[in-house]
Amino acid sequence: MRTAEVKRRFLAHFEANGHTVVPSAPLPAIDDPNLLFVNAGMVQFVPYFLGQQTPPFRRAVSVQKCIRTPDIDEVGKTSRHGTFFQMNGNFSFGDYFKSGAIALAWDLVTKPVAEGGFGLDPERIWPTVYFDDDEAEAIWRKTGVPAERIVRRGKADNFWSMGIPGPCGPCSEIYYDRGPAYGAEGGPAVDEDRYLEFWNLVFMQFERGPGSDKENFPILGDLPAKNIDTGMGLERMAAILQGVDNLYEIDEVRPILDRAAELTGRRYGAHSGHVASESHPDDVRLRVVADHVRTALMLIGDGVTPGNEGRGYVLRRIMRRAIRAMRLLGWQDRALPELLPVARDCMSPSYPELATEFDRISSYAYAEEDAFLSTLRAGTTILDTAIAETRSAGGAKLSGAKAFQLHDTYGFPIDLTLEIAAEQGLSVDQDGFRRLMADQRARAKADAQARKTGHVDLSAYRSVLDSGGPVQFTGYTEVSRESSVRALLGAGGAPVEVAGEGDTIELVLDATPFYAEGGGQQPDIGLITVGAGQVEVLDVQQPVPGLIVHRARVVRGEVRTGEAGLAEIDVLRRRAISRSHTATHLVHQTMRNFLGESATQAGSLNAPGRLRFDFNTPTGVAPSVLRDVEQQVNEVLLADLEVHAFITSQEEARRLGAMALFGEKYGDEVRVVEVGDYARELCGGTHVARSAQLGLVKILSESSIGSGVRRVEALVGLDAFRFLAKEHLLVSRLAELYRVPGDQVADRVEQTIAQLRDAERELEKLRAQLVLGGAAALAAGARDLRGVAFVGTEAPEGAGGNDVRTLAQEIRGKIDPARPAVVAVAARANGKASLVVAVNGAARERGVSAATLVKGALSGRGGGNADLAQGGGLPAGEAPSLLAAVEKALAEA
């Protein structure tokens, strides 16, 4: 049974039993700041389990795409680990409980295939239950499972919690006996290779209190509304039903592995009987390729693009691991064009969008591989230099700082640094590397979180939300609103009853017209008047879903909790931001018109009078295309189209062709913003009423901000008019200076620049002649230092680095090659002194090294080799001391 059919039967079974089919959330669509990706089927239902939101259904079923990043380094080492997987799950929110969950599971897995089930042999099913869960055991026995096949296990195996205070409970796991060929008899407690777990039924009946570890935490009591959360590993069930040995042999993975093996001339599982070897490097690397190529396909399909941070970095890392594994297997050409189409064909029966979006997906993947191959070439050269410097200094360990620089600046993988260094007989300071990585991640995480929470503990916000429910946003239809102060938060999120003049506070109203920053739109600012007091709103955020928090300063009187007040936004600012937001929608749609459907939004900023729009495309945008985009956008403005927003279902929005942002999770109901029939997009922001209200859109620039991501910046409305007015004055002034019409200014400027470049080239030639003119005389005047001919001189003031190196080499070349010679040239430029040392072959044979001499003069700084080295950075007045240091080193050698 193919994996797509397993998925179809699972959904059909539970839908027929009253469950609402909930689509998989996109892989990056999560609100938890501690997670990069959805890693379990229950993640998108967490607000319902925690009681933060009321579920719109009593029963739900989903097949959730998941990624678990801790497993990246385990991939390939066993036949059970993978980064991407799919989790079938059924959920009950205060509806059925243990008996219902067990009965539904038993019915599906044992029902004959002809009747829509999986047709597993009931005699080969082994359930496990929590050690004191007599109720669950009794239910299993009613299904016909004998007591000897029901295994009781402890907290580590059969008790579930989220790792934080909240719902928890015992679980019942379902195992399938694959037979004696896979291990010893005795059930799951004896051998979990033979007895393969494929389903976990979690019974959330208790509330967990604070505790230090999974094994020991207090249970505060029974929850009144008991919930069910189950997770079936789709890949594991597919392996059982397809009769294959491991997860790498199911129909969604094995074809990728086989293609990799074909390209590299390897054969998977050829090393140890019918089960692929757990240790042979060929099998391990082929598994890495198969898993990572499939994972990359799914991530890019959900809108993640390769980058140096967060989710983009995870994608980049797994892609580079796959590419490198192919190279270690002997494949030196581009690998992804051979493998990604195979992965597409494997996964598109379950996810048809992978086929329709493949041009976009493949463009990012192939561009990333090309970039990585260049990185390998450049990084290897830099690493070779670092290894040589470490050895010349007598070291046996490459510094963590150098390994981090290779990783952070050049994208060179740490595992590749470890391998190459080991080949050269060096170790790497991995602890130092990890510390630098941890510091970088901590800074990035703190910066991102601080913007939303102001360093306040989220529990403070959740407490306010729990006590009063979601804050009503009224800003779509009004710019002022009478409301009451629900809460005031002071430093660190501590609640306060009153705030006085000069205090900085966070204020929560029952309802507000203030827009909280989100979707690229900057927040509203304005005033809130409460009795005799008044606060100036400086920022508005939504730190937890449903809670709008005004960050403000009391400018007059006092503000008290519970008092009524009037909230008034800055209307002029709101209108300017709304113009920018509508303009962003138009730029987005127009970019797609010219560049294709793959030009999807990757980020935006909608500020008063200006916008920044980031979009995915593998190459730069031609200036002619930018001009056409700008013209078409302004033609839409002239058409004065109506801008209309409405609420509808996700399904209807998709039918209407509304654009959604990759990686965003939308609820069952969504807000759609239309600009006539020209643009239609899911959006929660504020907009103008008609397109003509934008006035004018002027694109200023287009540039790269990362691999496959470009940025357009533009001005809107009066800001665009002001910019054009300044530009007109500038052109008029240049036309006056050049005494030509305005349309000829650009040509004249280009001519002037060309003339200046020609003059600079002539100056370079003259400088070089001046510098090199005395080389012969300097060589002839070389002094003898312990048998070495030494020339120490300063280059002419302002000489460039190339000229200084050329002078040192020219002097060296004019000394008899049979005579050991060292040439040191110091230079002064831009207030700094530099040093170049050149050593001939005869001197090198005596053990003289240019790199050693430079580092000795510069206290360890500088770089190069025994033949030619250079360094600098000292004050210009230190140039003579650099020459003296080299001379002293030779005299004392």
# chains A, B, ... in the order shown; residues from 1 in each chain; ligands from 1
call {"tool": "select_by_dssp", "arguments": {"residues": "range 223-267 of chain A", "states": "helix (DSSP H, G or I)", "output": "list in words"}}
result
Leu234, Glu235, Arg236, Met237, Ala238, Ala239, Ile240, Leu241, Gln242, Leu247, Tyr248, Glu249, Arg254, Pro255, Ile256, Leu257, Asp258, Arg259, Ala260, Ala261, Glu262, Leu263 and Thr264 of chain A
call {"tool": "residues_around", "arguments": {"residues": "Ala491 in chain A", "least_positions_apart": "3", "cutoff": "9 Å", "atoms": "only C-alpha atoms", "output": "MDAnalysis selection string"}}
result
chainID A and resid 456 494:495 504:506
call {"tool": "residues_around", "arguments": {"residues": "Ile382 in chain A", "least_positions_apart": "3", "cutoff": "12 Å", "atoms": "only C-alpha atoms", "output": "ChimeraX atom specification"}}
result
/A:375-379,385-389,402-403,405-407,409-412,417,420,863-864
call {"tool": "select_by_dssp", "arguments": {"residues": "range 57-137 of chain A", "states": "strand (DSSP E or B)", "output": "count of residues only"}}
result
27
call {"tool": "atom_distance", "arguments": {"atom1": "CA of Arg2 in chain A", "atom2": "CA of Val113 in chain A"}}
result
12.6 Å
call {"tool": "residues_around", "arguments": {"residues": "Gly533 in chain A", "least_positions_apart": "6", "cutoff": "8 Å", "atoms": "only C-alpha atoms", "output": "list of chain:residue names"}}
result
A:Val554, A:Val555, A:Arg556, A:Gly557, A:Glu558, A:Val559
call {"tool": "write_last_selection", "arguments": {"atoms": "N, CA, C and O atoms", "output": "short mmCIF file (atom, residue, chain, number, x, y, z; two decimals), in the first residue's frame"}}
result
data_model
loop_
_atom_site.label_atom_id
_atom_site.label_comp_id
_atom_site.auth_asym_id
_atom_site.auth_seq_id
_atom_site.Cartn_x
_atom_site.Cartn_y
_atom_site.Cartn_z
N VAL A 554 3.26 57.97 30.20
CA VAL A 554 2.26 58.87 30.78
C VAL A 554 2.77 60.30 30.64
O VAL A 554 3.82 60.65 31.19
N VAL A 555 2.05 61.14 29.92
CA VAL A 555 2.49 62.52 29.68
C VAL A 555 1.74 63.53 30.54
O VAL A 555 2.15 64.68 30.63
N ARG A 556 0.65 63.06 31.18
CA ARG A 556 -0.10 64.00 32.02
C ARG A 556 -0.94 63.22 33.02
O ARG A 556 -1.57 62.22 32.68
N GLY A 557 -0.93 63.67 34.26
CA GLY A 557 -1.80 63.11 35.28
C GLY A 557 -1.49 61.66 35.61
O GLY A 557 -0.35 61.20 35.54
N GLU A 558 -2.55 60.93 36.00
CA GLU A 558 -2.43 59.53 36.37
C GLU A 558 -3.39 58.67 35.56
O GLU A 558 -4.45 59.14 35.12
N VAL A 559 -3.02 57.40 35.39
CA VAL A 559 -3.87 56.43 34.70
C VAL A 559 -4.07 55.26 35.64
O VAL A 559 -3.11 54.74 36.22
#
call {"tool": "closest_residue", "arguments": {"among": "A:Met204, A:Thr380, A:Phe159, A:Ala421", "to": "Leu398 in chain A", "atoms": "only C-alpha atoms"}}
result
A:Ala421
call {"tool": "residues_around", "arguments": {"residues": "Arg287 in chain A", "least_positions_apart": "4", "cutoff": "8 Å", "atoms": "only C-alpha atoms", "output": "number ranges by chain"}}
result
A: 75-76, 248, 257, 283, 291
call {"tool": "residues_around", "arguments": {"residues": "range 177-184 of chain A", "least_positions_apart": "4", "cutoff": "7 Å", "atoms": "only C-alpha atoms", "output": "JSON list (two decimals) with N, CA and C atoms, in the first residue's frame"}}
result
[["chain", "number", "residue", "atom", "x", "y", "z"],
["A", 124, "ARG", "N", -0.48, -9.93, 15.91],
["A", 124, "ARG", "CA", 0.87, -9.38, 15.92],
["A", 124, "ARG", "C", 0.92, -7.97, 16.51],
["A", 125, "ILE", "N", -0.19, -7.54, 17.10],
["A", 125, "ILE", "CA", -0.25, -6.20, 17.70],
["A", 125, "ILE", "C", -0.03, -6.30, 19.19],
["A", 191, "ASP", "N", 12.75, -5.81, 22.61],
["A", 191, "ASP", "CA", 13.39, -5.47, 21.33],
["A", 191, "ASP", "C", 12.48, -4.55, 20.54],
["A", 193, "ASP", "N", 13.32, -3.09, 17.77],
["A", 193, "ASP", "CA", 13.52, -3.22, 16.33],
["A", 193, "ASP", "C", 12.54, -4.24, 15.76],
["A", 194, "ARG", "N", 12.41, -5.35, 16.46],
["A", 194, "ARG", "CA", 11.42, -6.34, 16.03],
["A", 194, "ARG", "C", 10.01, -5.81, 16.25],
["A", 195, "TYR", "N", 9.76, -5.28, 17.44],
["A", 195, "TYR", "CA", 8.44, -4.74, 17.78],
["A", 195, "TYR", "C", 8.47, -3.23, 17.50],
["A", 196, "LEU", "N", 7.89, -2.87, 16.38],
["A", 196, "LEU", "CA", 8.01, -1.49, 15.88],
["A", 196, "LEU", "C", 6.81, -0.65, 16.33]]
call {"tool": "closest_atom_pairs", "arguments": {"of": "range 265-345 of chain A", "to": "range 705-718 of chain A", "cutoff": "8 Å", "atoms": "only C-alpha atoms", "output": "Markdown table"}}
result
| residue | atom | partner | partner_atom | distance |
| --- | --- | --- | --- | --- |
| A:Thr305 | CA | A:Gly708 | CA | 7.3 |
| A:Pro306 | CA | A:Ser707 | CA | 6.5 |
| A:Gly307 | CA | A:Ser707 | CA | 6.5 |
call {"tool": "residues_around", "arguments": {"residues": "Arg748 in chain A", "least_positions_apart": "6", "cutoff": "12 Å", "atoms": "only C-alpha atoms", "output": "ChimeraX atom specification"}}
result
/A:731,734-742,754-755
call {"tool": "write_last_selection", "arguments": {"atoms": "C-alpha atoms", "output": "short mmCIF file (atom, residue, chain, number, x, y, z; two decimals), in the first residue's frame"}}
result
data_model
loop_
_atom_site.label_atom_id
_atom_site.label_comp_id
_atom_site.auth_asym_id
_atom_site.auth_seq_id
_atom_site.Cartn_x
_atom_site.Cartn_y
_atom_site.Cartn_z
CA VAL A 731 19.13 67.03 -13.04
CA LEU A 734 23.75 69.15 -13.75
CA ALA A 735 22.24 70.20 -17.08
CA GLU A 736 23.19 73.77 -16.27
CA LEU A 737 26.77 72.82 -15.35
CA TYR A 738 27.25 70.67 -18.44
CA ARG A 739 25.32 73.14 -20.63
CA VAL A 740 23.24 70.35 -22.21
CA PRO A 741 19.53 69.49 -22.19
CA GLY A 742 18.33 67.40 -19.25
CA ALA A 754 35.19 57.30 -18.20
CA GLN A 755 37.68 60.17 -18.48
#
call {"tool": "atom_distance", "arguments": {"atom1": "CA of Ser704 in chain A", "atom2": "CA of Gly620 in chain A"}}
result
7.3 Å
call {"tool": "closest_residue", "arguments": {"among": "A:Ala290, A:Val886, A:Ala189, A:Ala40", "to": "Asp258 in chain A", "atoms": "only C-alpha atoms"}}
result
A:Ala290
call {"tool": "closest_residue", "arguments": {"among": "A:Met162, A:Thr474, A:Glu482, A:Met659", "to": "Glu597 in chain A", "atoms": "only C-alpha atoms"}}
result
A:Met659
call {"tool": "atom_distance", "arguments": {"atom1": "CA of Asp229 in chain A", "atom2": "CA of Met42 in chain A"}}
result
6.7 Å
